[in-house]
Amino acid sequence: MEKLDSSVYKTQQSNSAGKPKQHTININVGEKVFHIPIQSVIKHPHTRIGSLALCRDRTKFLTLCDEYDVRKNEFFFDHDPAFFHHIFHFYTSGTLWVIREMCPINFEEEIEYWGLSLKNTQHCCQLMLEEKVDEVKDYLKVERELMAEVEVKYDDEQYNDMVLGNVRKTLWNTVENPYSSLWAKTFSMFSNLFVLFSIMAMSLNTVEELQIYKIYCKSYMEWVEIIMIVFFTFEYLIRLTTTANVQTFLKGVLNFVDMVSVMPYFIQIVFEMFADAEDMNAQEDLRAMAKVSKLSHVLKVIKLLWIFCILKLARHSTGMRTFGFTLRQCYQQVCCIFLFIAMGIFSFSDLHSFERETEGSPISSVPDVWWWAAVSISS
């Protein structure tokens, strides 16, 4: 503290001949007066109260306190008197108490104002408070990052100098900010319903009884999936063409999820076109048949990627976004949990792998034991 370091430190002397020596310093904090023994204060000359006690130049008093009453010889501070009780206890006992109920950031700022530090607390309290401070700072860092994303997302001033800025701003708010208008809220509701319909159609499309009803060689559920994919593609293109910052838009996690959720359908169309071309000569060339068979397996894997559609609910779901933010904030603890699970899997797998030598054992390799251990631990 620069103001504290600039104070003049001298030993307390008698004010004048015939006047008694003052034994206490009067501190008024929020209209509550504290009388602190000077002998206890001067033991800590680098603190704010210690600087006041040792400072002999009255012109410097106001650099260390808010007001000074000459008549009462009283120093006034516009601070919380309840917190100053702990500062008062520090000067009388030499130990600073830690307030568990108080925000650790505010506690750290308050003791810094009075010229103290966490080193003045007990070691156990210091470790606890430092841990809380780091935790709160990490939380505030994540919150600042999220607020920065929101500011970029909803900064309407960026559209002022753009071509068709008003139109693009209106479309952007409609598809991105459900609280901007009634149309935006309606669009958000339909978007979430379409996500649920898409997942339901993908699931029902595997039911053989429903595949017998077809229109133009496609089942009803396949047509529902196509309509949903067209809607999601249209929604993604609107956001891509109306965003004020394309680079920031492409870096967004939810925007990447939107792109991944629609890409499998178009990749499937390309593979089906390739498969049809190969199928023309499939009767004459067995190698072409093998390629077609491989392509069918690839299509099944690609189709599984459509499950990413469910992540689109996070765009307008506060609960899912909160869960994602919680994982970002507690990623160290989550990684630690997975590390312990992995250690358990590998340890029990090594012990159980000796069963491979037993005749009739269903275990053929260590990866098989990994699967057994993973299922056993997680169930």
# chains A, B, ... in the order shown; residues from 1 in each chain; ligands from 1
$ residues_around --residues "range 79-83 of chain A" --least-positions-apart "3" --cutoff "6 Å" --atoms "only C-alpha atoms" --output "list in words"
Val29, Gly30 and His86 of chain A
$ write_last_selection --atoms "N, CA, C and O atoms" --output "PDB file, in the first residue's frame"
ATOM      1  N   VAL A  29     -15.657   3.500  12.929  1.00  0.00           N
ATOM      2  CA  VAL A  29     -15.945   2.734  11.708  1.00  0.00           C
ATOM      3  C   VAL A  29     -17.452   2.594  11.588  1.00  0.00           C
ATOM      4  O   VAL A  29     -18.087   1.885  12.376  1.00  0.00           O
ATOM      5  N   GLY A  30     -18.036   3.286  10.627  1.00  0.00           N
ATOM      6  CA  GLY A  30     -19.477   3.197  10.430  1.00  0.00           C
ATOM      7  C   GLY A  30     -20.257   3.630  11.653  1.00  0.00           C
ATOM      8  O   GLY A  30     -21.218   2.946  12.041  1.00  0.00           O
ATOM      9  N   HIS A  86     -13.061  -7.900  13.641  1.00  0.00           N
ATOM     10  CA  HIS A  86     -11.977  -8.870  13.437  1.00  0.00           C
ATOM     11  C   HIS A  86     -10.630  -8.155  13.327  1.00  0.00           C
ATOM     12  O   HIS A  86      -9.608  -8.696  13.760  1.00  0.00           O
TER      13      HIS A  86
END
$ select_by_dssp --residues "range 6-174 of chain A" --states "alpha helix (DSSP H)" --output "VMD selection string"
chain A and resid 38 to 41 48 to 54 81 to 93 104 to 113 123 to 153 165 to 174
$ residues_around --residues "range 66-75 of chain A" --least-positions-apart "2" --cutoff "7 Å" --atoms "only C-alpha atoms" --output "ChimeraX atom specification"
/A:26-28,62,77-78
$ write_last_selection --atoms "all heavy atoms" --output "mmCIF file, in the first residue's frame"
data_model
loop_
_atom_site.group_PDB
_atom_site.id
_atom_site.type_symbol
_atom_site.label_atom_id
_atom_site.label_comp_id
_atom_site.auth_asym_id
_atom_site.auth_seq_id
_atom_site.Cartn_x
_atom_site.Cartn_y
_atom_site.Cartn_z
ATOM 1 N N ASN A 26 -8.504 6.322 18.776
ATOM 2 C CA ASN A 26 -9.946 6.248 18.597
ATOM 3 C C ASN A 26 -10.273 6.056 17.112
ATOM 4 O O ASN A 26 -9.942 6.916 16.280
ATOM 5 C CB ASN A 26 -10.613 7.525 19.114
ATOM 6 C CG ASN A 26 -10.261 7.796 20.561
ATOM 7 O OD1 ASN A 26 -10.208 6.876 21.378
ATOM 8 N ND2 ASN A 26 -10.002 9.060 20.887
ATOM 9 N N ILE A 27 -10.927 4.953 16.792
ATOM 10 C CA ILE A 27 -11.276 4.608 15.410
ATOM 11 C C ILE A 27 -12.789 4.518 15.305
ATOM 12 O O ILE A 27 -13.429 3.721 16.007
ATOM 13 C CB ILE A 27 -10.636 3.270 14.978
ATOM 14 C CG1 ILE A 27 -9.125 3.305 15.188
ATOM 15 C CG2 ILE A 27 -10.970 2.972 13.529
ATOM 16 C CD1 ILE A 27 -8.406 4.335 14.352
ATOM 17 N N ASN A 28 -13.367 5.345 14.454
ATOM 18 C CA ASN A 28 -14.810 5.348 14.214
ATOM 19 C C ASN A 28 -15.067 4.678 12.867
ATOM 20 O O ASN A 28 -14.745 5.233 11.818
ATOM 21 C CB ASN A 28 -15.345 6.781 14.213
ATOM 22 C CG ASN A 28 -16.870 6.819 14.148
ATOM 23 O OD1 ASN A 28 -17.501 5.959 13.560
ATOM 24 N ND2 ASN A 28 -17.451 7.847 14.759
ATOM 25 N N LEU A 62 -5.689 12.488 6.385
ATOM 26 C CA LEU A 62 -6.767 12.241 5.423
ATOM 27 C C LEU A 62 -6.342 11.337 4.275
ATOM 28 O O LEU A 62 -7.182 10.901 3.487
ATOM 29 C CB LEU A 62 -7.282 13.576 4.869
ATOM 30 C CG LEU A 62 -7.987 14.477 5.888
ATOM 31 C CD1 LEU A 62 -8.461 15.762 5.238
ATOM 32 C CD2 LEU A 62 -9.166 13.744 6.518
ATOM 33 N N PHE A 77 -13.789 6.006 9.380
ATOM 34 C CA PHE A 77 -13.668 5.157 8.195
ATOM 35 C C PHE A 77 -15.065 4.723 7.758
ATOM 36 O O PHE A 77 -15.857 4.256 8.592
ATOM 37 C CB PHE A 77 -12.820 3.901 8.482
ATOM 38 C CG PHE A 77 -11.386 4.193 8.776
ATOM 39 C CD1 PHE A 77 -10.966 4.427 10.073
ATOM 40 C CD2 PHE A 77 -10.454 4.232 7.748
ATOM 41 C CE1 PHE A 77 -9.642 4.701 10.348
ATOM 42 C CE2 PHE A 77 -9.118 4.499 8.016
ATOM 43 C CZ PHE A 77 -8.709 4.732 9.323
ATOM 44 N N ASP A 78 -15.356 4.925 6.513
ATOM 45 C CA ASP A 78 -16.664 4.527 5.970
ATOM 46 C C ASP A 78 -16.600 3.070 5.520
ATOM 47 O O ASP A 78 -16.574 2.754 4.328
ATOM 48 C CB ASP A 78 -17.040 5.442 4.802
ATOM 49 C CG ASP A 78 -18.480 5.201 4.331
ATOM 50 O OD1 ASP A 78 -19.233 4.524 5.078
ATOM 51 O OD2 ASP A 78 -18.826 5.669 3.233
#
$ closest_residue --among "A:Val163, A:Ile226, A:Ile49, A:Ile199" --to "Leu116 in chain A" --atoms "only C-alpha atoms"
A:Ile49
$ select_by_dssp --residues "range 96-245 of chain A" --states "strand (DSSP E)" --output "ChimeraX atom specification"
/A:214-215,218-219
$ write_last_selection --atoms "N, CA, C and O atoms" --output "compact mmCIF listing (two decimals), in the first residue's frame"
# COMPACT_ATOMS: atom_id res chain seq x y z
N LYS A 214 -44.60 -46.93 -47.32
CA LYS A 214 -43.59 -46.12 -48.01
C LYS A 214 -44.24 -45.16 -48.99
O LYS A 214 -45.32 -45.41 -49.52
N ILE A 215 -43.53 -44.06 -49.20
CA ILE A 215 -43.91 -43.07 -50.22
C ILE A 215 -42.66 -42.78 -51.03
O ILE A 215 -41.65 -42.31 -50.48
N LYS A 218 -39.52 -44.51 -49.77
CA LYS A 218 -39.03 -44.11 -48.45
C LYS A 218 -40.16 -44.22 -47.45
O LYS A 218 -41.31 -43.89 -47.76
N SER A 219 -39.83 -44.68 -46.26
CA SER A 219 -40.84 -44.84 -45.21
C SER A 219 -41.27 -43.48 -44.67
O SER A 219 -40.62 -42.45 -44.90
$ residues_around --residues "Lys43 in chain A" --least-positions-apart "6" --cutoff "10 Å" --atoms "only C-alpha atoms" --output "list in words"
Gly50, Tyr91 and Gly94 of chain A
$ write_last_selection --atoms "N, CA and C atoms" --output "PDB file, in the first residue's frame"
ATOM      1  N   GLY A  50      -1.729   1.250  12.238  1.00  0.00           N
ATOM      2  CA  GLY A  50      -0.384   1.486  12.763  1.00  0.00           C
ATOM      3  C   GLY A  50       0.249   2.726  12.170  1.00  0.00           C
ATOM      4  N   TYR A  91      -5.442  -6.636  16.477  1.00  0.00           N
ATOM      5  CA  TYR A  91      -4.523  -5.753  17.204  1.00  0.00           C
ATOM      6  C   TYR A  91      -4.431  -6.133  18.674  1.00  0.00           C
ATOM      7  N   GLY A  94      -3.266 -10.400  18.111  1.00  0.00           N
ATOM      8  CA  GLY A  94      -2.212 -10.749  17.158  1.00  0.00           C
ATOM      9  C   GLY A  94      -2.614 -11.800  16.150  1.00  0.00           C
TER      10      GLY A  94
END
$ closest_residue --among "A:Ile377, A:Ile111, A:Met102, A:Ile36" --to "Phe88 in chain A" --atoms "only C-alpha atoms"
A:Ile36
$ decode --residues "range 86-133 of chain A" --atoms "C-alpha atoms" --output "compact mmCIF listing (two decimals), in the first residue's frame"
# COMPACT_ATOMS: atom_id res chain seq x y z
CA HIS A 86 -11.98 -8.87 13.44
CA ILE A 87 -9.39 -6.16 12.73
CA PHE A 88 -9.77 -4.98 16.33
CA HIS A 89 -9.25 -8.56 17.53
CA PHE A 90 -6.07 -8.77 15.45
CA TYR A 91 -4.52 -5.75 17.20
CA THR A 92 -5.46 -7.03 20.66
CA SER A 93 -4.56 -10.71 20.16
CA GLY A 94 -2.21 -10.75 17.16
CA THR A 95 -4.37 -13.25 15.25
CA LEU A 96 -6.71 -12.42 12.38
CA TRP A 97 -9.99 -14.30 12.33
CA VAL A 98 -11.38 -15.66 9.08
CA ILE A 99 -15.06 -15.05 8.30
CA ARG A 100 -16.34 -18.21 6.61
CA GLU A 101 -19.68 -16.65 5.65
CA MET A 102 -18.07 -13.72 3.83
CA CYS A 103 -17.10 -13.77 0.17
CA PRO A 104 -13.38 -14.67 0.09
CA ILE A 105 -12.70 -12.03 -2.58
CA ASN A 106 -14.31 -9.30 -0.46
CA PHE A 107 -12.52 -10.57 2.63
CA GLU A 108 -9.18 -10.38 0.83
CA GLU A 109 -9.90 -6.86 -0.44
CA GLU A 110 -11.02 -5.70 3.00
CA ILE A 111 -7.94 -6.92 4.85
CA GLU A 112 -5.77 -5.44 2.11
CA TYR A 113 -7.37 -2.06 2.75
CA TRP A 114 -6.44 -2.26 6.42
CA GLY A 115 -2.87 -3.23 5.51
CA LEU A 116 -3.12 -6.90 6.46
CA SER A 117 -2.67 -10.08 4.46
CA LEU A 118 -3.56 -13.75 4.63
CA LYS A 119 -0.22 -14.37 6.34
CA ASN A 120 -1.68 -12.77 9.47
CA THR A 121 -4.20 -15.61 9.79
CA GLN A 122 -3.51 -19.08 11.13
CA HIS A 123 -1.95 -21.50 8.67
CA CYS A 124 -5.01 -23.76 8.39
CA CYS A 125 -7.29 -20.77 7.81
CA GLN A 126 -4.87 -19.35 5.26
CA LEU A 127 -4.90 -22.56 3.22
CA MET A 128 -8.68 -22.78 3.39
CA LEU A 129 -9.16 -19.16 2.36
CA GLU A 130 -6.63 -19.36 -0.49
CA GLU A 131 -8.45 -22.40 -1.82
CA LYS A 132 -11.77 -20.55 -1.70
CA VAL A 133 -10.25 -17.49 -3.38
